[in-house]
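Pasted below: run_19.cif, mmCIF, C-alpha atoms.
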```cif
data_my_file
#
loop_
_atom_site.group_PDB
_atom_site.id
_atom_site.type_symbol
_atom_site.label_atom_id
_atom_site.label_comp_id
_atom_site.auth_asym_id
_atom_site.auth_seq_id
_atom_site.Cartn_x
_atom_site.Cartn_y
_atom_site.Cartn_z
ATOM 1 C CA MET A 844 -140.239 -186.133 110.362
ATOM 2 C CA ARG A 845 -141.268 -183.926 107.435
ATOM 3 C CA VAL A 846 -141.808 -180.250 107.985
ATOM 4 C CA PHE A 847 -143.831 -178.518 105.300
ATOM 5 C CA CYS A 848 -142.719 -175.142 104.120
ATOM 6 C CA THR A 849 -144.913 -172.272 105.173
ATOM 7 C CA PHE A 850 -143.081 -169.040 105.603
ATOM 8 C CA PHE A 851 -144.657 -165.666 106.183
ATOM 9 C CA ILE A 852 -143.164 -162.207 106.023
ATOM 10 C CA PHE A 853 -141.120 -161.404 109.099
ATOM 11 C CA LEU A 854 -139.272 -158.442 107.716
ATOM 12 C CA THR A 855 -139.723 -155.839 105.054
ATOM 13 C CA LEU A 856 -136.778 -155.432 102.749
ATOM 14 C CA ASN A 857 -136.751 -152.573 100.305
ATOM 15 C CA ALA A 858 -133.523 -153.591 98.647
ATOM 16 C CA PHE A 859 -134.268 -151.942 95.334
ATOM 17 C CA GLY A 860 -135.030 -148.489 94.057
ATOM 18 C CA GLN A 861 -131.634 -147.393 95.352
ATOM 19 C CA LYS A 862 -129.062 -146.234 92.822
ATOM 20 C CA GLY A 863 -131.330 -147.381 90.001
ATOM 21 C CA TYR A 864 -131.391 -151.068 90.878
ATOM 22 C CA PRO A 865 -134.299 -152.813 89.162
ATOM 23 C CA ASN A 866 -137.313 -152.887 91.432
ATOM 24 C CA ASP A 867 -138.688 -156.108 89.953
ATOM 25 C CA THR A 868 -138.066 -158.553 92.760
ATOM 26 C CA LEU A 869 -141.012 -159.367 94.944
ATOM 27 C CA TRP A 870 -140.031 -162.205 97.215
ATOM 28 C CA TYR A 871 -143.529 -162.644 98.612
ATOM 29 C CA ASP A 872 -146.987 -163.243 97.166
ATOM 30 C CA GLU A 873 -150.098 -161.197 98.011
ATOM 31 C CA ASP A 874 -150.717 -163.340 101.113
ATOM 32 C CA GLY A 875 -147.260 -162.645 102.525
ATOM 33 C CA ARG A 876 -145.877 -166.110 101.736
ATOM 34 C CA LEU A 877 -142.436 -166.559 100.265
ATOM 35 C CA LYS A 878 -142.749 -167.300 96.539
ATOM 36 C CA ASP A 879 -141.595 -170.596 95.056
ATOM 37 C CA GLU A 880 -139.182 -168.689 92.840
ATOM 38 C CA PHE A 881 -137.893 -165.149 93.087
ATOM 39 C CA VAL A 882 -135.208 -163.011 91.492
ATOM 40 C CA VAL A 883 -132.597 -161.163 93.500
ATOM 41 C CA GLN A 884 -130.935 -158.385 91.517
ATOM 42 C CA GLY A 885 -127.904 -156.471 92.701
ATOM 43 C CA ILE A 886 -125.717 -159.305 93.986
ATOM 44 C CA TRP A 887 -122.368 -158.381 92.482
ATOM 45 C CA PHE A 888 -119.316 -160.459 91.770
ATOM 46 C CA LYS A 889 -115.776 -159.672 90.736
ATOM 47 C CA LEU A 890 -115.551 -159.124 86.999
ATOM 48 C CA GLY A 891 -115.133 -162.408 85.111
ATOM 49 C CA ARG A 892 -114.830 -164.363 88.363
ATOM 50 C CA GLY A 893 -117.032 -166.116 90.851
ATOM 51 C CA ASP A 894 -116.083 -164.233 93.994
ATOM 52 C CA LEU A 895 -118.598 -161.978 95.702
ATOM 53 C CA VAL A 896 -117.531 -158.340 95.830
ATOM 54 C CA THR A 897 -115.942 -157.434 99.183
ATOM 55 C CA TYR A 898 -114.907 -154.210 100.894
ATOM 56 C CA ASP A 899 -111.430 -154.731 99.402
ATOM 57 C CA ASP A 900 -113.023 -154.181 95.977
ATOM 58 C CA THR A 901 -114.334 -150.681 96.655
ATOM 59 C CA SER A 902 -113.166 -148.433 93.887
ATOM 60 C CA LYS A 903 -114.696 -146.403 91.110
ATOM 61 C CA TYR A 904 -117.062 -149.344 90.431
ATOM 62 C CA PHE A 905 -118.214 -150.235 93.940
ATOM 63 C CA SER A 906 -118.645 -147.981 96.940
ATOM 64 C CA VAL A 907 -118.696 -149.093 100.570
ATOM 65 C CA GLU A 908 -122.459 -148.418 100.453
ATOM 66 C CA ASP A 909 -122.805 -150.807 97.478
ATOM 67 C CA VAL A 910 -121.046 -153.568 99.391
ATOM 68 C CA ASP A 911 -123.225 -152.858 102.458
ATOM 69 C CA ILE A 912 -126.341 -153.302 100.290
ATOM 70 C CA ILE A 913 -125.074 -156.578 98.797
ATOM 71 C CA TYR A 914 -124.395 -158.137 102.197
ATOM 72 C CA ALA A 915 -127.594 -156.773 103.772
ATOM 73 C CA ARG A 916 -129.505 -158.446 100.945
ATOM 74 C CA LEU A 917 -127.572 -161.708 101.348
ATOM 75 C CA ASP A 918 -128.000 -161.661 105.132
ATOM 76 C CA SER A 919 -131.763 -161.149 104.775
ATOM 77 C CA LEU A 920 -131.886 -164.201 102.511
ATOM 78 C CA VAL A 921 -129.724 -166.166 104.956
ATOM 79 C CA ASP A 922 -132.231 -165.407 107.741
ATOM 80 C CA LEU A 923 -135.147 -166.473 105.537
ATOM 81 C CA ILE A 924 -133.609 -169.733 104.399
ATOM 82 C CA LYS A 925 -132.001 -170.645 107.727
ATOM 83 C CA ASP A 926 -135.412 -170.575 109.434
ATOM 84 C CA ASP A 927 -137.245 -172.002 106.417
ATOM 85 C CA SER A 928 -138.064 -175.681 106.014
ATOM 86 C CA CYS A 929 -137.490 -175.926 102.252
ATOM 87 C CA VAL A 930 -134.696 -176.917 99.891
ATOM 88 C CA TRP A 931 -133.642 -174.108 97.524
ATOM 89 C CA GLU A 932 -131.737 -173.986 94.264
ATOM 90 C CA ILE A 933 -129.440 -170.974 93.904
ATOM 91 C CA GLN A 934 -129.458 -170.130 90.202
ATOM 92 C CA VAL A 935 -126.997 -167.677 88.711
ATOM 93 C CA HIS A 936 -127.607 -166.379 85.199
ATOM 94 C CA THR A 937 -125.309 -164.236 83.062
ATOM 95 C CA ASP A 938 -125.818 -162.136 79.963
ATOM 96 C CA CYS A 939 -124.813 -163.342 76.494
ATOM 97 C CA ARG A 940 -121.602 -161.371 76.149
ATOM 98 C CA GLY A 941 -118.607 -163.613 75.589
ATOM 99 C CA SER A 942 -118.680 -167.312 74.774
ATOM 100 C CA LYS A 943 -121.147 -169.737 76.359
ATOM 101 C CA THR A 944 -118.258 -171.486 78.103
ATOM 102 C CA MET A 945 -116.987 -168.205 79.497
ATOM 103 C CA SER A 946 -120.423 -167.259 80.826
ATOM 104 C CA ARG A 947 -121.280 -170.680 82.290
ATOM 105 C CA ARG A 948 -118.042 -171.112 84.241
ATOM 106 C CA PRO A 949 -118.364 -167.893 86.282
ATOM 107 C CA SER A 950 -122.102 -168.432 86.769
ATOM 108 C CA HIS A 951 -121.487 -171.796 88.443
ATOM 109 C CA SER A 952 -118.661 -170.457 90.611
ATOM 110 C CA ARG A 953 -120.882 -167.488 91.540
ATOM 111 C CA ALA A 954 -123.641 -169.861 92.651
ATOM 112 C CA GLU A 955 -120.992 -171.712 94.689
ATOM 113 C CA SER A 956 -119.871 -168.398 96.260
ATOM 114 C CA ILE A 957 -123.408 -167.642 97.424
ATOM 115 C CA PHE A 958 -123.755 -171.248 98.660
ATOM 116 C CA ASN A 959 -120.477 -170.969 100.605
ATOM 117 C CA TYR A 960 -121.500 -167.635 102.113
ATOM 118 C CA PHE A 961 -124.852 -169.055 103.257
ATOM 119 C CA VAL A 962 -123.191 -172.129 104.778
ATOM 120 C CA SER A 963 -120.638 -169.894 106.555
ATOM 121 C CA GLN A 964 -123.606 -168.026 108.075
ATOM 122 C CA GLY A 965 -125.184 -171.209 109.472
ATOM 123 C CA VAL A 966 -127.500 -172.425 106.692
ATOM 124 C CA SER A 967 -127.380 -176.205 106.294
ATOM 125 C CA SER A 968 -125.620 -177.175 103.062
ATOM 126 C CA HIS A 969 -128.355 -179.775 102.511
ATOM 127 C CA LYS A 970 -130.919 -176.991 102.070
ATOM 128 C CA LEU A 971 -129.116 -175.428 99.100
ATOM 129 C CA VAL A 972 -128.270 -176.547 95.572
ATOM 130 C CA PRO A 973 -125.979 -174.146 93.652
ATOM 131 C CA LYS A 974 -126.386 -174.112 89.856
ATOM 132 C CA GLY A 975 -124.901 -171.861 87.200
ATOM 133 C CA TYR A 976 -126.961 -171.494 84.039
ATOM 134 C CA GLY A 977 -124.767 -169.029 82.167
ATOM 135 C CA GLU A 978 -126.765 -167.416 79.372
ATOM 136 C CA ASN A 979 -128.853 -170.546 78.660
ATOM 137 C CA VAL A 980 -132.068 -169.373 80.339
ATOM 138 C CA PRO A 981 -132.836 -165.830 79.203
ATOM 139 C CA ARG A 982 -135.258 -163.885 81.316
ATOM 140 C CA ARG A 983 -138.843 -163.293 80.233
ATOM 141 C CA VAL A 984 -140.264 -159.824 80.800
ATOM 142 C CA SER A 985 -143.500 -158.075 80.004
ATOM 143 C CA GLU A 986 -143.133 -155.269 77.494
ATOM 144 C CA ALA A 987 -146.148 -153.374 76.145
ATOM 145 C CA GLY A 988 -148.470 -156.130 77.377
ATOM 146 C CA LYS A 989 -146.528 -158.914 75.647
ATOM 147 C CA THR A 990 -144.070 -161.426 77.065
ATOM 148 C CA VAL A 991 -140.621 -160.936 75.575
ATOM 149 C CA VAL A 992 -137.716 -163.381 75.895
ATOM 150 C CA LEU A 993 -134.473 -161.482 76.484
ATOM 151 C CA SER A 994 -132.528 -163.584 74.001
ATOM 152 C CA CYS A 995 -129.170 -162.437 72.731
ATOM 153 C CA GLU A 996 -130.724 -161.694 69.340
ATOM 154 C CA TYR A 997 -133.452 -159.535 70.879
ATOM 155 C CA ILE A 998 -131.021 -157.593 73.081
ATOM 156 C CA THR A 999 -128.484 -157.125 70.272
ATOM 157 C CA SER A 1000 -131.180 -155.516 68.127
ATOM 158 C CA PHE A 1001 -130.960 -152.476 70.467
ATOM 159 C CA ARG A 1002 -127.179 -152.042 70.366
ATOM 160 C CA GLU A 1003 -127.237 -149.459 67.572
ATOM 161 C CA LYS A 1004 -130.604 -147.765 68.173
ATOM 162 C CA ASP A 1005 -130.860 -147.594 71.979
ATOM 163 C CA LEU A 1006 -127.617 -148.283 73.856
ATOM 164 C CA GLU A 1007 -129.184 -147.533 77.248
ATOM 165 C CA LYS A 1008 -131.912 -150.158 76.700
ATOM 166 C CA TYR A 1009 -129.305 -152.578 75.337
ATOM 167 C CA GLU A 1010 -127.319 -152.318 78.595
ATOM 168 C CA ARG A 1011 -130.447 -152.461 80.776
ATOM 169 C CA LEU A 1012 -131.652 -155.677 79.083
ATOM 170 C CA HIS A 1013 -128.249 -157.311 79.591
ATOM 171 C CA GLN A 1014 -128.450 -156.269 83.249
ATOM 172 C CA LEU A 1015 -131.867 -157.913 83.613
ATOM 173 C CA ASN A 1016 -130.466 -161.199 82.318
ATOM 174 C CA ARG A 1017 -127.644 -161.088 84.901
ATOM 175 C CA ARG A 1018 -129.481 -162.278 87.959
ATOM 176 C CA VAL A 1019 -129.607 -164.589 90.946
ATOM 177 C CA VAL A 1020 -132.761 -166.677 91.333
ATOM 178 C CA PHE A 1021 -133.847 -168.673 94.363
ATOM 179 C CA LYS A 1022 -136.134 -171.552 93.388
ATOM 180 C CA ARG A 1023 -137.883 -173.853 95.841
ATOM 181 C CA LEU A 1024 -137.037 -177.467 94.968
ATOM 182 C CA SER A 1025 -138.823 -179.136 97.840
ATOM 183 C CA ASN A 1026 -141.414 -178.048 100.387
ATOM 184 C CA PHE A 1027 -139.751 -179.944 103.152
ATOM 185 C CA TYR A 1028 -136.262 -180.463 104.396
ATOM 186 C CA VAL A 1029 -135.285 -183.503 106.393
ATOM 187 C CA PRO A 1030 -132.137 -182.739 108.412
ATOM 188 C CA LYS A 1031 -129.251 -185.144 107.852
ATOM 189 C CA ASN A 1032 -127.872 -186.610 111.061
#
```

In structure tokens, write the structure found in this file.
Amino acid sequence: MRVFCTFFIFLTLNAFGQKGYPNDTLWYDEDGRLKDEFVVQGIWFKLGRGDLVTYDDTSKYFSVEDVDIIYARLDSLVDLIKDDSCVWEIQVHTDCRGSKTMSRRPSHSRAESIFNYFVSQGVSSHKLVPKGYGENVPRRVSEAGKTVVLSCEYITSFREKDLEKYERLHQLNRRVVFKRLSNFYVPKN
């Protein structure tokens, strides 16, 4: 039996706008349907590693409130995907600092960490495909009415003249993307 994916808004999640997180993720289209691909900013991992940040990591970098936000966001996604009838790719992208090997390795283990968290919360492992892209797929953004690719060369051009923008562009490239791979999921028996 094939179940086609139609998913409408069941909850409102204003996960951004807090503490300056980018407010660029709209998970739903104008009709209230879950998009085929959407970005989730603000999922944090341990520096240089694949592990999700936990309450044990609260320090000068992460507050208890930060960790609450991360897991509230993840749990909202778990609820969406658990009840959804689609297969999703979990993409993790990094910025271009460090070598390509060093950025790809943590991005794949970060995708695996999200995958493992979702499975631990009851999402079928057959509905998820974790994939780390490292810095290989820079984000495209609209700037002054033009589409700009956030390549390493473009971002680096701001290092001397606008350090704040330089950091913000790197942050935009560090992201988690959920991409629909299939509109139906056939449970494995």

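Residues selected in this file by the PyMOL selection byres ((chain A and resi 1018) around 9) comprise A:Val882, A:Val883, A:Gln884, A:Gly885, A:Ile886, A:Gln934, A:Val935, A:His936, A:Thr937, A:Asp938, A:Arg982, A:Gln1014, A:Leu1015, A:Asn1016, A:Arg1017, A:Val1019, A:Val1020.
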
Legend entry - Between atom CA of Asp874 of chain A and atom CA of Arg1023 of chain A, distance in Å (one decimal): 17.4 Å

Inset, instruction - Counting all atoms listed in the file, figure out which residue out of A:Leu1012, A:Leu1006, A:Ala915, A:Leu877 gets nearest to Glu986 of chain A. - result: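 Among the listed residues, the smallest separation from Glu986 of chain A belongs to A:Leu1012.
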
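Proximity of A:Asp918, A:Asp899, A:Glu1010, A:Asp911 to Arg940 of chain A, computed with all atoms listed in the file, is greatest for A:Glu1010.
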
Inset, instruction - Using the chain letters and numbers from the file, give me the residues hit by the PyMOL selection byres ((chain A and resi 931) around 7), as a VMD selection string. - result: chain A and resid 929 to 930 932 to 933 970 to 972 1021 to 1024

Save out the residues we just selected, C-alpha atoms, as an mmCIF file, in the frame of the given file.
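The result, stored in again.cif:
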```cif
data_model
loop_
_atom_site.group_PDB
_atom_site.id
_atom_site.type_symbol
_atom_site.label_atom_id
_atom_site.label_comp_id
_atom_site.auth_asym_id
_atom_site.auth_seq_id
_atom_site.Cartn_x
_atom_site.Cartn_y
_atom_site.Cartn_z
ATOM 1 C CA CYS A 929 -137.490 -175.926 102.252
ATOM 2 C CA VAL A 930 -134.696 -176.917 99.891
ATOM 3 C CA GLU A 932 -131.737 -173.986 94.264
ATOM 4 C CA ILE A 933 -129.440 -170.974 93.904
ATOM 5 C CA LYS A 970 -130.919 -176.991 102.070
ATOM 6 C CA LEU A 971 -129.116 -175.428 99.100
ATOM 7 C CA VAL A 972 -128.270 -176.547 95.572
ATOM 8 C CA PHE A 1021 -133.847 -168.673 94.363
ATOM 9 C CA LYS A 1022 -136.134 -171.552 93.388
ATOM 10 C CA ARG A 1023 -137.883 -173.853 95.841
ATOM 11 C CA LEU A 1024 -137.037 -177.467 94.968
#
```

Legend entry - Å distance separating atom CA of Val992 of chain A from atom CA of Glu873 of chain A, one decimal place: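 Going from atom CA of Val992 of chain A over to atom CA of Glu873 of chain A, I get 25.4 Å.
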
Legend entry - atom CA of Pro949 of chain A to atom CA of Leu890 of chain A, straight-line distance in Å: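 Between atom CA of Leu890 of chain A and atom CA of Pro949 of chain A the gap is 9.2 Å.
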
Legend entry - Contact residues around His951 of chain A with all atoms listed in the file at 8 Å, ignoring same-chain residues under 4 positions, as a PyMOL selection string: chain A and resi 893+935+947+955+973-977

Inset, instruction - Tell me, as a PyMOL selection string, which residues lie within 9 Å of Ile998 of chain A, counting all atoms listed in the file; anything in the same chain fewer than 2 positions away does not count. - result: chain A and resi 993-996+1000-1002+1008-1010+1012-1013

Keeping C-alpha atoms, export the residues of the selection given above as a PDB file, in the coordinates of the input.
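The resulting file, selection-v5.pdb, is reproduced below:
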```
ATOM      1  CA  LEU A 993    -134.473-161.482  76.484  1.00  0.00           C
ATOM      2  CA  SER A 994    -132.528-163.584  74.001  1.00  0.00           C
ATOM      3  CA  CYS A 995    -129.170-162.437  72.731  1.00  0.00           C
ATOM      4  CA  GLU A 996    -130.724-161.694  69.340  1.00  0.00           C
ATOM      5  CA  SER A1000    -131.180-155.516  68.127  1.00  0.00           C
ATOM      6  CA  PHE A1001    -130.960-152.476  70.467  1.00  0.00           C
ATOM      7  CA  ARG A1002    -127.179-152.042  70.366  1.00  0.00           C
ATOM      8  CA  LYS A1008    -131.912-150.158  76.700  1.00  0.00           C
ATOM      9  CA  TYR A1009    -129.305-152.578  75.337  1.00  0.00           C
ATOM     10  CA  GLU A1010    -127.319-152.318  78.595  1.00  0.00           C
ATOM     11  CA  LEU A1012    -131.652-155.677  79.083  1.00  0.00           C
ATOM     12  CA  HIS A1013    -128.249-157.311  79.591  1.00  0.00           C
TER      13      HIS A1013
END
```

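Using the PyMOL selection byres ((chain A and resi 967) around 12) on this structure selects A:Val921, A:Asp922, A:Ile924, A:Lys925, A:Asp926, A:Asp927, A:Ser928, A:Cys929, A:Val930, A:Trp931, A:Phe958, A:Asn959, A:Tyr960, A:Phe961, A:Val962, A:Ser963, A:Gln964, A:Gly965, A:Val966, A:Ser968, A:His969, A:Lys970, A:Leu971, A:Val972, A:Tyr1028, A:Val1029, A:Pro1030, A:Lys1031, A:Asn1032.
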
Legend entry - Close residues, Leu895 of chain A itself excluded, 8 Å, only C-alpha atoms, min 2 positions apart in chain, as a list in words: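 Once the nearby chain positions are removed, what remains is Ile886, Trp887, Phe888, Lys889, Gly893, Thr897, Arg953, Ser956 and Ile957 of chain A.
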
Legend entry - Which of A:Ile913, A:Val896, A:Leu920, A:Val991 sits closest to Phe881 of chain A [using all atoms listed in the file]: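 Comparing A:Ile913, A:Val896, A:Leu920, A:Val991 against Phe881 of chain A, the winner is A:Leu920.
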